[in-house]
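Colleague: Below is a structure I'd like to ask you about.
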Amino acid sequence: MAPHAATRPRLTIEDARRLAFDRFGLETSETAELPSERDQNFLLRTPRGPLVLELAGPTESDAVKDLENRALAWIAERAPELPVPQLLGQSPDGRARLLSYLPGTVLAEARPRSPALFGRVGELLGRLDTALSGFRHAAAVGRDFAWDPARAAEVVDRHRAAIAGPARHELVSRFQALYTSEVVPLLPGLPRSVFHNDANDYNLLVGPPTGAAEDRAITGLLDFGDMVESWTVCELAVALAYGIFGQAEPLAVARRLVAGYHAARPLSEPELDAVWILAAMRLCTSVALSAHRRTAEPDNPYLLVSEDSAWEALGRMAEIHPRFARAVLRHACGFPPCPQTPALERWLRSRRGEFAPLVDVDLSRAVVFDLSVGSPEFRTPAETLDTAAMTPRLFSKMREAGTNVGIGRYDEARLVYGGDAFASASSGGEHPERRTIHIALDVFMEPGSAVYAPLAGRVHAVHDNAARFDYGPTVILEHAPEGAPRFYTLYGHLAPDCLNELARGAEVARGQRIGAIGAPPGNGDWPPHVHFQIVTDMLDRGGEFHGVGSASERATWLSLSPDPGLLLGVDPARSGFRAPAETSERLSEERRRRLGPSLSLSYRRPLEIVRGAGTHLYDEAGREFLDMVNNVAHVGHAHPRVVAAGARQMTVLNTNTRYLHPSILRYAERLAATLPEPLSVCFFVCSGSEANELALRMARAHTGRRGVIVLGGAYHGNTQGLIDVSPYKVDRRGGTRPEYVRVVPMPDDYRGLYRREDPARADKFAAHVGEAARGGDIAAFLCESLLSCGGQIVLPPGYLSAAYLHARAAGAVCIADEVQVGFGRVGSHFWGFQTQGADAVPDIVTMGKPIGNGHPLAAVVTTPAIAASFAGGMEYFNTFGGNPVSCEIGLAVLDVIRDEGLQARALAVGSFLRSGLERLVERHEAAGDARGLGLFLGLELVESKGSRAPSAARASYVVERMKDHGILLSTDGPDRNVIKMKPPLSFGEGDAARVLASFERVLSEDFLRS
Ligand SMILES: Cc1ncc(COP(=O)(O)O)c(C=O)c1O
């Protein structure tokens, strides 16, 4: 709302200070003016703590002041815990008041203004309205002001002439018409009470930001000057109207707000039916008044800004059908989203067996296809759109099953649907989402197969949906059977003849042929089938209706389109998919029971991931995530060439290395060719841990010693022997480091012993290796070529060669752990150690993670001399290591890195991303350091740039918030404050730009600035 600048009192700070002393006997150490709309408010610092002195504006009547004062006293008595101002004193005329001070930031300035925060607003308002029930005051009845909800229609009418432009007129008229037709009839039945009536973002205060955005508290509700007696639900409608300002997805806010309110003051169904349109009417009142005021004050820029936000909010509300919004809000309060759906479902169940068949084949003989996100029926999400590939696959499956009919399931999350991504309601618009939930049943049959009406109806629409919804020719019938709510049946992907054969409005008999299954591409271009859907509410659409809903509004879509199996006599166990919300919960429970508790999950709310493709992962509902952390899927998740290589070899032979086989030799040759001489002898194992274990055994065999020098913060594997040499684990809870392990300082030149500004830092860090070796009995210096668990650290230039010199001088073998960083990730070179100069050549290299793109393959490559020392004792045997399947997969990974130019891509995209990260560091106090090579990068989160004090809480906040944006990251480093980035190398510049944009937004949020 706009300030009534002309009508506010005008006291100076000195006047206020004097008034506080004269009236209330208060000594003030400091006095400051607070922003206020109609009154004038001062913050007083007093020996009693901070207090607010409020001076009523001349437009405020004594009666209204009395209304406010009595309401505050009423609340203080009945709900003293509510964060509203307490009246501590007043002047005899009631126009100067002393109020308690409520700490906090105005909600309008909170970042993020998350939907969860609005859940708390709703709860506060619900509690407030519960406390106020029974409160009465003469001044609250029939107040003569524009914000009385009962006067909304009249106010809008009076000022609509000031609204510029036909589009805006039309928008306001639309909501006025809806108000008249949908809300006015409900008004007599709505509960009434006196309520606050102005819970806008500037009257609500939030507490300090918390590590989890959704945990932030609402600490205050101010300004009771607009209180009125009217329909109580308008309290919520006002908060909703202002809550959606600047929100990409109004329903996300609305749903949380309404649910929060309902939990504290249960809403009736008529209240829920009215609230969305009442909110829109509040915005209409606001824009009409602003337009009117603007004619009076054309130069006031504030008016224009607030008016624009209100228009934008109204425009967004208009994009949502009000009955869809109503359904979402009903669901948020535990009511069936569509009120008529339960009755329809009961009716369909009671008539089971009475409907005519949809097609000429008995559907109980149908083969049920799995077209879900995680289905193995297709190799990549893109393939599901490839009709030429999908058609023969589905039809041959039907033939194999000895049938000529197949079913595609209802309530199944699919990746079939392209279309533009839209803002997701569940994430408050931050995570782009596509429609994924199939809300119909597909019946696959040969093109030309007849399709019949299961029950009598009237043609609602015959329409070619090819352009917009991809259903091709579609028929929609309307049914109004006795004893059931009116509903519709939709038949999509038909042959085009139906377009001429059926006319809108024509009666259709039970069992009448309404068309035939169409053939691609004329059927909307998907394998031949009829998409059969029940629709309980067409939402005023003609011949088109969504056949697929969004995962974030799943329940609403399923209520709009209940299970067609009920009408077709298909058992829900066959027709329907599982309910994912239940499933994720069940998986968590099952996991707790069946797996060891030391196995951890990522994120506060864990993800159920069922598919990967390239740089993306997909959850069970088809939500797409950008994978920034999985360096194992080196060439991209489920890379078709790698998958094919494994499958091909698996169909022929998989056995151990005790027979001659060419694959292992071809692979050994290819691997050795990537390394400098004399690194040429390969050993194949199944994990990075096995590789490091073997490397240590070799070093010990070669040197006859036991000791190992490792870096602080390092992790080298999960066996007992490697935990002992991994300070990352052994130096923490539950570990005891053996005395043969020597730990040298991590060469972290951002926060370590020697810093970047010291040109001799590499030598100084390396000198610690020499010092550690002086104790004697050192078999190996084991070191990653860039530090991963250590916190994405790039070794200072020259460190490795200097450290290797020290180690070798003490007779130790140098092992480069390339498990994380090898295979071209660093961009400029194939191996991490090569970035340290030509003289940094290790004696043993260990490899893992990316080597098999997810297949359990790992390797050790060493010199002929060390291999010979190791051969001096017992035989080395590894059941799975080096089997033909693993080797073919390893070869395919090398081929893809070469053929797709992934090393060069890592260099180019990595440089782009790194420069962007460096810019973030320049702009954001919490971003202490950006570093890395190629696509192995880290962003270090700190308390402040000056202190460089690590902030794990900030890092984990950023990781959780980036997940809300659909980007998966994780933290590492000894202080868990480094965000690690090591995506599959298929990661592109567009992906990098998206990540940077999200970082920019998240780093600007309050928790990172507090
Ligand atoms: C640097 C390094 N070496 C070795 C390993 C052990 O590999 P794996 O988990 O395959 O046994 C890891 C695993 O995270 C690692 O990061």
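Going through the structure tokens in order, the chains are called A, B, and so on, while each chain numbers its residues from 1 and the ligands are numbered from 1 in the order shown.
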Please provide as JSON, numbers by chain all residues within 10 Å of segment 269-278 of chain A, with the sequence filter that same-chain residues fewer than 3 positions apart are discarded (counting only C-alpha atoms).
Modeller: {"A": [149, 152, 175, 176, 178, 179, 180, 182, 183, 184, 185, 186, 187, 189, 190, 191, 231, 232, 233, 234, 235, 236, 237, 238, 240, 241, 251, 254, 258, 262, 266, 281, 282, 283, 284, 317, 322, 323, 325, 326, 327, 329, 330, 333, 335, 339]}
Colleague: Please identify all protein, DNA and RNA residues within 9 Å of ligand 1, counting only C-alpha atoms and all ligand atoms, and report them as a compact mmCIF listing (two decimals) with N, CA, C and O atoms, in the first residue's frame.
Modeller:
```txt
# COMPACT_ATOMS: atom_id res chain seq x y z
N CYS A 686 39.16 -53.75 -8.51
CA CYS A 686 37.74 -53.38 -8.63
C CYS A 686 37.36 -52.09 -7.92
O CYS A 686 36.20 -51.67 -8.01
N SER A 687 38.25 -51.50 -7.17
CA SER A 687 37.89 -50.25 -6.49
C SER A 687 39.16 -49.44 -6.22
O SER A 687 40.27 -50.00 -6.21
N GLY A 688 38.95 -48.16 -5.97
CA GLY A 688 40.09 -47.31 -5.63
C GLY A 688 40.81 -47.82 -4.39
O GLY A 688 42.04 -47.75 -4.31
N SER A 689 40.04 -48.33 -3.45
CA SER A 689 40.66 -48.84 -2.22
C SER A 689 41.57 -50.02 -2.54
O SER A 689 42.71 -50.09 -2.05
N GLU A 690 41.07 -50.94 -3.37
CA GLU A 690 41.91 -52.08 -3.74
C GLU A 690 43.17 -51.60 -4.44
O GLU A 690 44.25 -52.17 -4.25
N ALA A 691 43.03 -50.57 -5.27
CA ALA A 691 44.19 -50.07 -6.02
C ALA A 691 45.23 -49.52 -5.04
O ALA A 691 46.43 -49.83 -5.14
N ASN A 692 44.80 -48.73 -4.07
CA ASN A 692 45.76 -48.16 -3.12
C ASN A 692 46.35 -49.23 -2.20
O ASN A 692 47.53 -49.17 -1.84
N ALA A 714 43.90 -36.19 4.05
CA ALA A 714 43.77 -37.06 2.87
C ALA A 714 42.87 -38.26 3.15
O ALA A 714 42.78 -38.74 4.28
N TYR A 715 42.23 -38.76 2.06
CA TYR A 715 41.47 -40.00 2.14
C TYR A 715 41.93 -40.89 0.99
O TYR A 715 42.02 -40.44 -0.16
N HIS A 716 42.23 -42.16 1.31
CA HIS A 716 42.71 -43.05 0.26
C HIS A 716 41.94 -44.35 0.14
O HIS A 716 42.26 -45.16 -0.71
N GLY A 717 40.93 -44.58 0.99
CA GLY A 717 40.16 -45.81 0.79
C GLY A 717 39.57 -46.35 2.07
O GLY A 717 39.85 -45.86 3.18
N ASN A 718 38.73 -47.38 1.91
CA ASN A 718 37.88 -47.82 3.02
C ASN A 718 38.35 -49.08 3.74
O ASN A 718 37.68 -49.55 4.64
N THR A 719 39.50 -49.66 3.34
CA THR A 719 39.97 -50.86 4.05
C THR A 719 40.66 -50.41 5.33
O THR A 719 41.04 -49.24 5.47
N LEU A 722 43.92 -48.73 4.65
CA LEU A 722 43.85 -47.38 4.06
C LEU A 722 43.21 -46.37 5.00
O LEU A 722 43.58 -45.19 4.98
N CYS A 783 50.14 -39.69 -2.20
CA CYS A 783 49.60 -38.33 -2.30
C CYS A 783 48.70 -38.20 -3.54
O CYS A 783 49.05 -38.68 -4.62
N GLU A 784 47.55 -37.57 -3.36
CA GLU A 784 46.70 -37.26 -4.52
C GLU A 784 47.36 -36.14 -5.33
O GLU A 784 48.03 -35.27 -4.76
N SER A 785 47.07 -36.12 -6.62
CA SER A 785 47.71 -35.10 -7.47
C SER A 785 47.00 -33.76 -7.39
O SER A 785 47.58 -32.71 -7.70
N LEU A 786 45.72 -33.75 -7.06
CA LEU A 786 45.00 -32.56 -6.57
C LEU A 786 44.22 -33.13 -5.39
O LEU A 786 43.81 -34.29 -5.41
N LEU A 787 44.00 -32.33 -4.35
CA LEU A 787 43.42 -32.91 -3.13
C LEU A 787 41.91 -32.82 -3.19
O LEU A 787 41.35 -31.73 -3.30
N SER A 788 41.24 -33.98 -3.08
CA SER A 788 39.78 -34.00 -3.20
C SER A 788 39.14 -33.86 -1.82
O SER A 788 38.63 -32.77 -1.48
N CYS A 789 39.20 -34.92 -1.00
CA CYS A 789 38.60 -34.81 0.33
C CYS A 789 39.26 -33.68 1.13
O CYS A 789 38.66 -33.10 2.03
N ASP A 817 47.89 -40.94 -6.19
CA ASP A 817 46.49 -41.39 -6.14
C ASP A 817 45.71 -40.52 -7.11
O ASP A 817 45.45 -39.34 -6.86
N GLU A 818 45.35 -41.12 -8.25
CA GLU A 818 44.59 -40.39 -9.29
C GLU A 818 43.15 -40.87 -9.34
O GLU A 818 42.46 -40.67 -10.34
N VAL A 819 42.71 -41.50 -8.24
CA VAL A 819 41.37 -42.09 -8.22
C VAL A 819 40.29 -41.05 -8.50
O VAL A 819 39.31 -41.32 -9.18
N GLN A 820 40.48 -39.84 -8.00
CA GLN A 820 39.48 -38.79 -8.22
C GLN A 820 39.74 -37.97 -9.47
O GLN A 820 38.80 -37.51 -10.11
N VAL A 821 41.00 -37.70 -9.74
CA VAL A 821 41.28 -36.57 -10.64
C VAL A 821 41.78 -36.95 -12.02
O VAL A 821 41.94 -36.07 -12.88
N THR A 846 47.63 -44.90 -9.03
CA THR A 846 46.40 -45.67 -8.76
C THR A 846 45.22 -44.94 -9.39
O THR A 846 45.16 -43.71 -9.40
N MET A 847 44.30 -45.75 -9.95
CA MET A 847 43.15 -45.20 -10.69
C MET A 847 41.87 -45.88 -10.22
O MET A 847 41.90 -47.04 -9.82
N GLY A 848 40.77 -45.17 -10.31
CA GLY A 848 39.48 -45.76 -9.91
C GLY A 848 38.35 -44.93 -10.46
O GLY A 848 38.42 -44.46 -11.59
N LYS A 849 37.36 -44.70 -9.63
CA LYS A 849 36.14 -43.96 -9.95
C LYS A 849 35.82 -43.78 -11.45
O LYS A 849 35.06 -44.57 -12.00
N PRO A 856 32.51 -51.21 -11.61
CA PRO A 856 33.57 -51.35 -10.59
C PRO A 856 34.89 -51.83 -11.17
O PRO A 856 35.19 -53.02 -11.20
N LEU A 857 35.62 -50.88 -11.66
CA LEU A 857 36.92 -51.15 -12.27
C LEU A 857 37.91 -50.18 -11.65
O LEU A 857 37.57 -49.03 -11.37
N ALA A 858 39.13 -50.63 -11.41
CA ALA A 858 40.20 -49.76 -10.93
C ALA A 858 41.52 -50.36 -11.38
O ALA A 858 41.55 -51.51 -11.86
```
Colleague: Taking into account only C-alpha atoms, which residue in the set A:Thr46, A:Thr285, A:Thr971, A:Asn853 is nearest to Arg158 of chain A?
Modeller: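 The answer is A:Thr285, which sits nearest to Arg158 of chain A.
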Colleague: For Lys963 of chain A, find every residue with an atom within 10 Å (counting only C-alpha atoms), except residues of its own chain fewer than 2 positions away, and show them as number ranges by chain.
Modeller: A: 427, 430-431, 603, 607, 625-627, 957-961, 965-970, 998
Colleague: With C-alpha atoms retained, could you export that selection as an mmCIF file, in the first residue's frame?
Modeller:
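Now in selection30.cif:
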```
data_model
loop_
_atom_site.group_PDB
_atom_site.id
_atom_site.type_symbol
_atom_site.label_atom_id
_atom_site.label_comp_id
_atom_site.auth_asym_id
_atom_site.auth_seq_id
_atom_site.Cartn_x
_atom_site.Cartn_y
_atom_site.Cartn_z
ATOM 1 C CA SER A 427 10.408 -25.447 -5.044
ATOM 2 C CA GLU A 430 13.463 -22.212 -8.479
ATOM 3 C CA HIS A 431 13.669 -25.692 -9.924
ATOM 4 C CA TYR A 603 20.326 -34.006 1.924
ATOM 5 C CA LEU A 607 16.339 -38.032 -3.110
ATOM 6 C CA PHE A 625 18.716 -32.584 -11.461
ATOM 7 C CA LEU A 626 22.021 -31.323 -12.773
ATOM 8 C CA ASP A 627 24.722 -33.573 -11.353
ATOM 9 C CA TYR A 957 23.134 -24.230 3.449
ATOM 10 C CA VAL A 958 24.337 -23.501 -0.076
ATOM 11 C CA VAL A 959 24.295 -27.191 -1.006
ATOM 12 C CA GLU A 960 20.698 -27.607 0.228
ATOM 13 C CA ARG A 961 19.528 -24.440 -1.523
ATOM 14 C CA HIS A 965 17.390 -25.101 -7.723
ATOM 15 C CA GLY A 966 17.807 -28.623 -9.131
ATOM 16 C CA ILE A 967 21.609 -28.666 -8.836
ATOM 17 C CA LEU A 968 23.377 -31.413 -6.907
ATOM 18 C CA LEU A 969 26.583 -30.553 -5.049
ATOM 19 C CA SER A 970 28.293 -31.607 -1.855
ATOM 20 C CA SER A 998 21.937 -20.115 -8.981
#
```
Colleague: For atom CA of Thr583 of chain A and atom CA of Leu344 of chain A, determine how far apart the two atoms are, in Å to one decimal place.
Modeller: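 Atom CA of Thr583 of chain A sits 26.7 Å away from atom CA of Leu344 of chain A.
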Colleague: Report the residues of segment 502-685 of chain A whose backbone DSSP state falls under helix (DSSP H, G or I), written as a PyMOL selection string.
Modeller: chain A and resi 551-560+565-568+572-575+580-594+640-652+662-673
